[in-house]
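Asker: Structure incoming, see below.
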Protein chains: 2
Amino acid sequence: MTSLTDKVFAALMSDISDGRLRPGMRLPTENGLMQRFSVSRSVIREAISRMQAERTLETRHGVGSFVLAPPARAVMLDSPPQTTLVDAFAILEFRTEIECAAAAFAALRHTNAHRRQMADALDQFEQALCNGSTDVVAHDIAFHSAIAAASGNRYFLDVLQQMGRGVSPRSQLAAREIAALDRVALLRDVLREHRLIEQAIVRRDADDARAAMRMHLAHSRERLRIAAGLAQGV
Amino acid sequence: MTSLTDKVFAALMSDISDGRLRPGMRLPTENGLMQRFSVSRSVIREAISRMQAERTLETRHGVGSFVLAPPARAVMLDSPPQTTLVDAFAILEFRTEIECAAAAFAALRHTNAHRRQMADALDQFEQALCNGSTDVVAHDIAFHSAIAAASGNRYFLDVLQQMGRGVSPRSQLAAREIAALDRVALLRDVLREHRLIEQAIVRRDADDARAAMRMHLAHSRERLRIAAGLAQGV
DNA sequence: GCTAATTTGTTCGTATGTATT
DNA sequence: GAATACATACGAACAAATTAG
């Protein structure tokens, strides 16, 4: 169900993510957008107000609507391509620390319910692969979330989920640029690493769980590096 | 400057807080509200959508708008004594993980500017103690923040600051309940531990920095445990 | 199961007020 | 002051979901 509002919203968002509209730039006037999309002003204003709610735009009365810098990310750099990449590595580095700790705690504290959550996520991951699908991002996230939940300390899960948006560009990047590689083989590696982590946790071996998670995320970093290299034509 | 939308919004909100509209109840239809307030449908819909954004209402297509139950903020603020305490330990556990990692990275990556930030925080901490003040929370936070900043990965600082609210109850609790103990002696211990961390970082010894931070936070946990024990009369 | 009535969702067009340049 | 651009409000029409008969 894509309403006109949805379409305008999506078009403007992709203008921003493609760099046609960059932080600080002013959008066309509402009148201009009405003509560009051949819709009424209500549609434009609804789309704009959605983007305001997402902190993507800021509208100044009598002046116009301006693209905001992505909230926390504005602090360091501005050039979009590099920032995203640098950020992706920073996020991965940070995630490595909290997820390794979470895995260790999960090994010590998980319940049967947590065990089932992890198993379900892995089964669905595998099922998708067997069906030839490479769309396993959701199952990947589910597995990592299950571990964070099993840590018995809700802050691990909270923070991991808060970083959800920051993590997705990585997936998008990888998904888009790894096309040249054998995605299925790559995802099978991921699944294998997940199984190792799960086994260590189920065995209640905290050190092994931590190590398996660290290995998994180190490999992820390499996969990201390769994908980034491809994206930059290296 | 109260727009019509503001008035309708305020009226409906007070209907709810006064109990005229209770959770689960259906609002009058948009037509009904138009007549009651003598405004157009756009005004009604704008007010309703504001309440949706606040999670006060839920609207079902073809049915109506319903008052939602307040979202059980039980997690953080409700039952203060036990929940807060459990939470305080969970926060400390989580902080231990990210701050140890941050300290290790800081040892490897800090610049002169970071070194100065840490030194300033420690000097001010010490100065305050010498002056007989025990209000050093700000300097404590400044030191930990400086390390997170020196990690070269802004997510450590971001998350630490996001947990600021969660951290403060600990300080409050400690500050309130440790009155019986010799606070100055206790804070001198904290300062000594801070110095050890700083020295390891300056010496660029990542392992020592990590260990010193872990020791510091483990001691903090003990200090918290003692304070909690006092609070509960144990 | 179908139809009709009710209710919200979406879109349009227009008019007036207000802030900025 | 004049022009531009957003803010607020009105009225109307049709689409889509739900419910009652």
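Identifiers in the structure tokens: chain A, B, ... in order shown; residue index from 1 per chain; ligand index from 1 in order shown.
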Quick one: which residues from chain D are at most 8 Å off chain A, using only C-alpha atoms (C1' of nucleotides), as a PyMOL selection string?
Answerer: chain D and resi 4-7
Asker: For the residues in that selection, give me all heavy atoms as a PDB file, in the first residue's frame.
Answerer:
```pdb
ATOM      1  P    DT D   4       7.857  36.979  -5.701  1.00  0.00           P
ATOM      2  OP1  DT D   4       8.671  36.636  -6.880  1.00  0.00           O
ATOM      3  OP2  DT D   4       6.381  37.004  -5.760  1.00  0.00           O
ATOM      4  O5'  DT D   4       8.288  36.018  -4.506  1.00  0.00           O
ATOM      5  C5'  DT D   4       9.624  36.085  -4.008  1.00  0.00           C
ATOM      6  C4'  DT D   4       9.747  35.219  -2.771  1.00  0.00           C
ATOM      7  O4'  DT D   4       9.080  35.843  -1.658  1.00  0.00           O
ATOM      8  C3'  DT D   4       9.150  33.815  -2.921  1.00  0.00           C
ATOM      9  O3'  DT D   4      10.156  32.863  -2.639  1.00  0.00           O
ATOM     10  C2'  DT D   4       8.022  33.792  -1.888  1.00  0.00           C
ATOM     11  C1'  DT D   4       8.464  34.840  -0.887  1.00  0.00           C
ATOM     12  N1   DT D   4       7.396  35.502  -0.097  1.00  0.00           N
ATOM     13  C2   DT D   4       7.500  35.534   1.270  1.00  0.00           C
ATOM     14  O2   DT D   4       8.432  35.035   1.861  1.00  0.00           O
ATOM     15  N3   DT D   4       6.472  36.172   1.915  1.00  0.00           N
ATOM     16  C4   DT D   4       5.371  36.768   1.333  1.00  0.00           C
ATOM     17  O4   DT D   4       4.513  37.308   2.018  1.00  0.00           O
ATOM     18  C5   DT D   4       5.307  36.700  -0.106  1.00  0.00           C
ATOM     19  C7   DT D   4       4.162  37.312  -0.842  1.00  0.00           C
ATOM     20  C6   DT D   4       6.320  36.071  -0.750  1.00  0.00           C
ATOM     21  P    DA D   5       9.820  31.302  -2.868  1.00  0.00           P
ATOM     22  OP1  DA D   5      11.110  30.652  -3.174  1.00  0.00           O
ATOM     23  OP2  DA D   5       8.666  31.169  -3.774  1.00  0.00           O
ATOM     24  O5'  DA D   5       9.368  30.830  -1.423  1.00  0.00           O
ATOM     25  C5'  DA D   5      10.237  31.035  -0.330  1.00  0.00           C
ATOM     26  C4'  DA D   5       9.593  30.500   0.934  1.00  0.00           C
ATOM     27  O4'  DA D   5       8.656  31.484   1.440  1.00  0.00           O
ATOM     28  C3'  DA D   5       8.784  29.214   0.721  1.00  0.00           C
ATOM     29  O3'  DA D   5       9.125  28.273   1.730  1.00  0.00           O
ATOM     30  C2'  DA D   5       7.333  29.648   0.854  1.00  0.00           C
ATOM     31  C1'  DA D   5       7.464  30.829   1.807  1.00  0.00           C
ATOM     32  N9   DA D   5       6.370  31.791   1.686  1.00  0.00           N
ATOM     33  C8   DA D   5       5.735  32.205   0.552  1.00  0.00           C
ATOM     34  N7   DA D   5       4.768  33.062   0.755  1.00  0.00           N
ATOM     35  C5   DA D   5       4.764  33.225   2.127  1.00  0.00           C
ATOM     36  C6   DA D   5       3.981  34.009   2.985  1.00  0.00           C
ATOM     37  N6   DA D   5       3.000  34.808   2.565  1.00  0.00           N
ATOM     38  N1   DA D   5       4.232  33.951   4.307  1.00  0.00           N
ATOM     39  C2   DA D   5       5.217  33.149   4.732  1.00  0.00           C
ATOM     40  N3   DA D   5       6.028  32.365   4.033  1.00  0.00           N
ATOM     41  C4   DA D   5       5.752  32.451   2.721  1.00  0.00           C
ATOM     42  P    DC D   6       8.479  26.812   1.727  1.00  0.00           P
ATOM     43  OP1  DC D   6       9.603  25.867   1.722  1.00  0.00           O
ATOM     44  OP2  DC D   6       7.408  26.726   0.705  1.00  0.00           O
ATOM     45  O5'  DC D   6       7.810  26.759   3.162  1.00  0.00           O
ATOM     46  C5'  DC D   6       8.635  27.006   4.289  1.00  0.00           C
ATOM     47  C4'  DC D   6       7.775  27.462   5.444  1.00  0.00           C
ATOM     48  O4'  DC D   6       6.950  28.562   5.030  1.00  0.00           O
ATOM     49  C3'  DC D   6       6.833  26.378   5.987  1.00  0.00           C
ATOM     50  O3'  DC D   6       6.941  26.360   7.405  1.00  0.00           O
ATOM     51  C2'  DC D   6       5.467  26.834   5.534  1.00  0.00           C
ATOM     52  C1'  DC D   6       5.645  28.356   5.527  1.00  0.00           C
ATOM     53  N1   DC D   6       4.704  29.057   4.642  1.00  0.00           N
ATOM     54  C2   DC D   6       3.795  29.962   5.193  1.00  0.00           C
ATOM     55  O2   DC D   6       3.806  30.156   6.414  1.00  0.00           O
ATOM     56  N3   DC D   6       2.918  30.600   4.369  1.00  0.00           N
ATOM     57  C4   DC D   6       2.938  30.361   3.063  1.00  0.00           C
ATOM     58  N4   DC D   6       2.074  31.018   2.301  1.00  0.00           N
ATOM     59  C5   DC D   6       3.858  29.433   2.481  1.00  0.00           C
ATOM     60  C6   DC D   6       4.708  28.804   3.303  1.00  0.00           C
ATOM     61  P    DA D   7       5.986  25.422   8.260  1.00  0.00           P
ATOM     62  OP1  DA D   7       6.663  25.118   9.525  1.00  0.00           O
ATOM     63  OP2  DA D   7       5.522  24.340   7.355  1.00  0.00           O
ATOM     64  O5'  DA D   7       4.740  26.362   8.596  1.00  0.00           O
ATOM     65  C5'  DA D   7       4.893  27.383   9.580  1.00  0.00           C
ATOM     66  C4'  DA D   7       3.558  27.664  10.256  1.00  0.00           C
ATOM     67  O4'  DA D   7       2.703  28.397   9.351  1.00  0.00           O
ATOM     68  C3'  DA D   7       2.759  26.424  10.663  1.00  0.00           C
ATOM     69  O3'  DA D   7       2.151  26.676  11.929  1.00  0.00           O
ATOM     70  C2'  DA D   7       1.743  26.248   9.550  1.00  0.00           C
ATOM     71  C1'  DA D   7       1.498  27.703   9.132  1.00  0.00           C
ATOM     72  N9   DA D   7       1.184  27.869   7.718  1.00  0.00           N
ATOM     73  C8   DA D   7       1.853  27.332   6.652  1.00  0.00           C
ATOM     74  N7   DA D   7       1.348  27.679   5.476  1.00  0.00           N
ATOM     75  C5   DA D   7       0.282  28.505   5.806  1.00  0.00           C
ATOM     76  C6   DA D   7      -0.652  29.197   5.010  1.00  0.00           C
ATOM     77  N6   DA D   7      -0.666  29.167   3.682  1.00  0.00           N
ATOM     78  N1   DA D   7      -1.593  29.932   5.651  1.00  0.00           N
ATOM     79  C2   DA D   7      -1.575  29.967   6.993  1.00  0.00           C
ATOM     80  N3   DA D   7      -0.745  29.362   7.844  1.00  0.00           N
ATOM     81  C4   DA D   7       0.173  28.639   7.182  1.00  0.00           C
TER      82       DA D   7
END
```
Asker: Got a sec to pull out which chain A residues are within 12 Å of chain C, counting only C-alpha atoms (C1' of nucleotides), and send them as a list in words?
Answerer: Met1, Thr2, Ser3, Leu4, Thr5, Asp6, Met34, Ser38, Val39, Ser40, Arg41, Ser42, Val43, Ile44, Glu46, Arg60, His61, Gly62, Val63 and Gly64 of chain A
Asker: Those same residues - all heavy atoms - I'd like them written as a short mmCIF file (atom, residue, chain, number, x, y, z; two decimals), in the first residue's frame.
Answerer:
```
data_model
loop_
_atom_site.label_atom_id
_atom_site.label_comp_id
_atom_site.auth_asym_id
_atom_site.auth_seq_id
_atom_site.Cartn_x
_atom_site.Cartn_y
_atom_site.Cartn_z
N MET A 1 0.83 -1.20 0.00
CA MET A 1 0.00 0.00 0.00
C MET A 1 0.87 1.26 0.00
O MET A 1 1.30 1.72 1.02
CB MET A 1 -0.88 -0.01 1.24
CG MET A 1 -2.09 0.85 1.12
SD MET A 1 -2.36 2.00 2.43
CE MET A 1 -0.95 1.91 3.48
N THR A 2 1.17 1.76 -1.18
CA THR A 2 1.99 2.97 -1.20
C THR A 2 1.11 4.15 -1.56
O THR A 2 0.66 4.31 -2.69
CB THR A 2 3.12 2.84 -2.23
OG1 THR A 2 2.57 2.46 -3.48
CG2 THR A 2 4.13 1.82 -1.79
N SER A 3 0.89 4.99 -0.57
CA SER A 3 0.14 6.21 -0.82
C SER A 3 1.06 7.21 -1.53
O SER A 3 2.26 7.00 -1.64
CB SER A 3 -0.34 6.80 0.50
OG SER A 3 0.76 7.13 1.28
N LEU A 4 0.46 8.27 -2.03
CA LEU A 4 1.26 9.32 -2.64
C LEU A 4 2.27 9.86 -1.62
O LEU A 4 3.42 10.14 -1.96
CB LEU A 4 0.35 10.44 -3.13
CG LEU A 4 -0.52 10.08 -4.34
CD1 LEU A 4 -1.34 11.29 -4.76
CD2 LEU A 4 0.34 9.61 -5.50
N THR A 5 1.78 10.00 -0.39
CA THR A 5 2.68 10.48 0.65
C THR A 5 3.90 9.57 0.79
O THR A 5 5.03 10.04 0.89
CB THR A 5 1.93 10.53 2.00
OG1 THR A 5 0.84 11.44 1.87
CG2 THR A 5 2.85 10.99 3.10
N ASP A 6 3.64 8.26 0.76
CA ASP A 6 4.74 7.31 0.84
C ASP A 6 5.75 7.54 -0.27
O ASP A 6 6.96 7.51 -0.07
CB ASP A 6 4.21 5.87 0.76
CG ASP A 6 3.47 5.47 2.02
OD1 ASP A 6 3.80 6.03 3.08
OD2 ASP A 6 2.57 4.64 1.93
N MET A 34 5.18 20.26 -5.12
CA MET A 34 3.86 19.94 -5.64
C MET A 34 3.92 19.71 -7.14
O MET A 34 3.34 18.75 -7.67
CB MET A 34 2.88 21.08 -5.35
CG MET A 34 2.43 21.19 -3.92
SD MET A 34 1.65 22.78 -3.57
CE MET A 34 0.22 22.72 -4.64
N SER A 38 3.53 16.33 -8.86
CA SER A 38 2.14 16.41 -9.31
C SER A 38 1.16 15.93 -8.24
O SER A 38 0.30 15.09 -8.51
CB SER A 38 1.92 15.60 -10.60
OG SER A 38 2.79 16.04 -11.60
N VAL A 39 1.34 16.45 -7.05
CA VAL A 39 0.41 16.14 -5.98
C VAL A 39 0.04 17.44 -5.29
O VAL A 39 0.61 18.49 -5.57
CB VAL A 39 1.02 15.18 -4.94
CG1 VAL A 39 1.32 13.84 -5.57
CG2 VAL A 39 2.29 15.79 -4.34
N SER A 40 -0.91 17.34 -4.38
CA SER A 40 -1.36 18.53 -3.69
C SER A 40 -0.44 18.86 -2.53
O SER A 40 0.42 18.08 -2.15
CB SER A 40 -2.77 18.35 -3.15
OG SER A 40 -2.72 17.59 -1.97
N ARG A 41 -0.68 20.01 -1.97
CA ARG A 41 0.17 20.47 -0.89
C ARG A 41 0.05 19.58 0.34
O ARG A 41 1.05 19.37 1.04
CB ARG A 41 -0.25 21.91 -0.53
CG ARG A 41 0.69 22.56 0.40
CD ARG A 41 0.94 24.02 0.12
NE ARG A 41 1.75 24.55 1.20
CZ ARG A 41 1.38 25.52 2.00
NH1 ARG A 41 0.22 26.11 1.82
NH2 ARG A 41 2.16 25.91 2.96
N SER A 42 -1.12 19.04 0.61
CA SER A 42 -1.29 18.19 1.80
C SER A 42 -0.32 17.02 1.76
O SER A 42 0.24 16.63 2.78
CB SER A 42 -2.72 17.67 1.91
OG SER A 42 -3.57 18.37 1.06
N VAL A 43 -0.18 16.45 0.58
CA VAL A 43 0.70 15.29 0.43
C VAL A 43 2.14 15.70 0.76
O VAL A 43 2.83 15.01 1.53
CB VAL A 43 0.62 14.74 -1.00
CG1 VAL A 43 1.60 13.61 -1.19
CG2 VAL A 43 -0.80 14.29 -1.30
N ILE A 44 2.57 16.80 0.17
CA ILE A 44 3.92 17.28 0.43
C ILE A 44 4.13 17.53 1.92
O ILE A 44 5.11 17.08 2.51
CB ILE A 44 4.16 18.60 -0.34
CG1 ILE A 44 3.99 18.37 -1.85
CG2 ILE A 44 5.56 19.15 -0.04
CD1 ILE A 44 5.00 17.46 -2.45
N GLU A 46 2.51 16.34 4.46
CA GLU A 46 2.48 15.11 5.24
C GLU A 46 3.84 14.41 5.15
O GLU A 46 4.38 13.95 6.16
CB GLU A 46 1.37 14.19 4.72
CG GLU A 46 1.33 12.82 5.36
CD GLU A 46 1.07 12.87 6.86
OE1 GLU A 46 0.54 13.89 7.34
OE2 GLU A 46 1.46 11.91 7.55
N ARG A 60 11.96 25.84 8.76
CA ARG A 60 11.96 27.16 9.39
C ARG A 60 10.88 28.01 8.74
O ARG A 60 10.85 28.17 7.50
CB ARG A 60 13.34 27.81 9.25
CG ARG A 60 14.39 27.09 10.06
CD ARG A 60 15.52 28.02 10.48
NE ARG A 60 16.41 28.34 9.38
CZ ARG A 60 17.45 27.60 9.02
NH1 ARG A 60 17.71 26.48 9.68
NH2 ARG A 60 18.22 27.95 8.03
N HIS A 61 10.04 28.53 9.61
CA HIS A 61 8.88 29.30 9.16
C HIS A 61 9.30 30.43 8.22
O HIS A 61 10.15 31.24 8.55
CB HIS A 61 8.18 29.88 10.39
CG HIS A 61 6.80 30.36 10.11
ND1 HIS A 61 5.85 30.53 11.09
CD2 HIS A 61 6.19 30.69 8.96
CE1 HIS A 61 4.73 30.96 10.56
NE2 HIS A 61 4.93 31.07 9.26
N GLY A 62 8.68 30.45 7.09
CA GLY A 62 8.96 31.53 6.15
C GLY A 62 10.27 31.39 5.40
O GLY A 62 10.62 32.24 4.60
N VAL A 63 10.99 30.32 5.63
CA VAL A 63 12.29 30.16 4.99
C VAL A 63 12.33 28.93 4.11
O VAL A 63 12.59 29.01 2.91
CB VAL A 63 13.42 30.06 6.05
CG1 VAL A 63 14.76 30.01 5.37
CG2 VAL A 63 13.32 31.23 7.01
N GLY A 64 12.04 27.81 4.71
CA GLY A 64 12.08 26.58 3.93
C GLY A 64 12.44 25.39 4.81
O GLY A 64 12.61 25.53 6.01
#
```
Asker: Would you pick out the contacts of B:Val159 at 12 Å or less, using only C-alpha atoms (C1' of nucleotides), so that residues sharing its chain but fewer than 6 positions from it are not included, and give the list as a ChimeraX atom specification?
Answerer: /A:72,91,94-95,98,155-156,158-160,162-163 /B:91,94-95,97-99,102,145,148-149,153,165-167
Asker: Between atom CA of A:Met215 and atom CA of A:Ala227, what is the distance in Å, rounded to a tenth?
Answerer: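 Between atom CA of A:Met215 and atom CA of A:Ala227 the gap is 18.3 Å.
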Asker: So, with only C-alpha atoms as the atoms that count, which of A:Asp207, A:Ala138, A:Gln117, A:Ala90 lies closest to A:Leu224?
Answerer: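 Ranked by minimum distance to A:Leu224, first place goes to A:Ala90.
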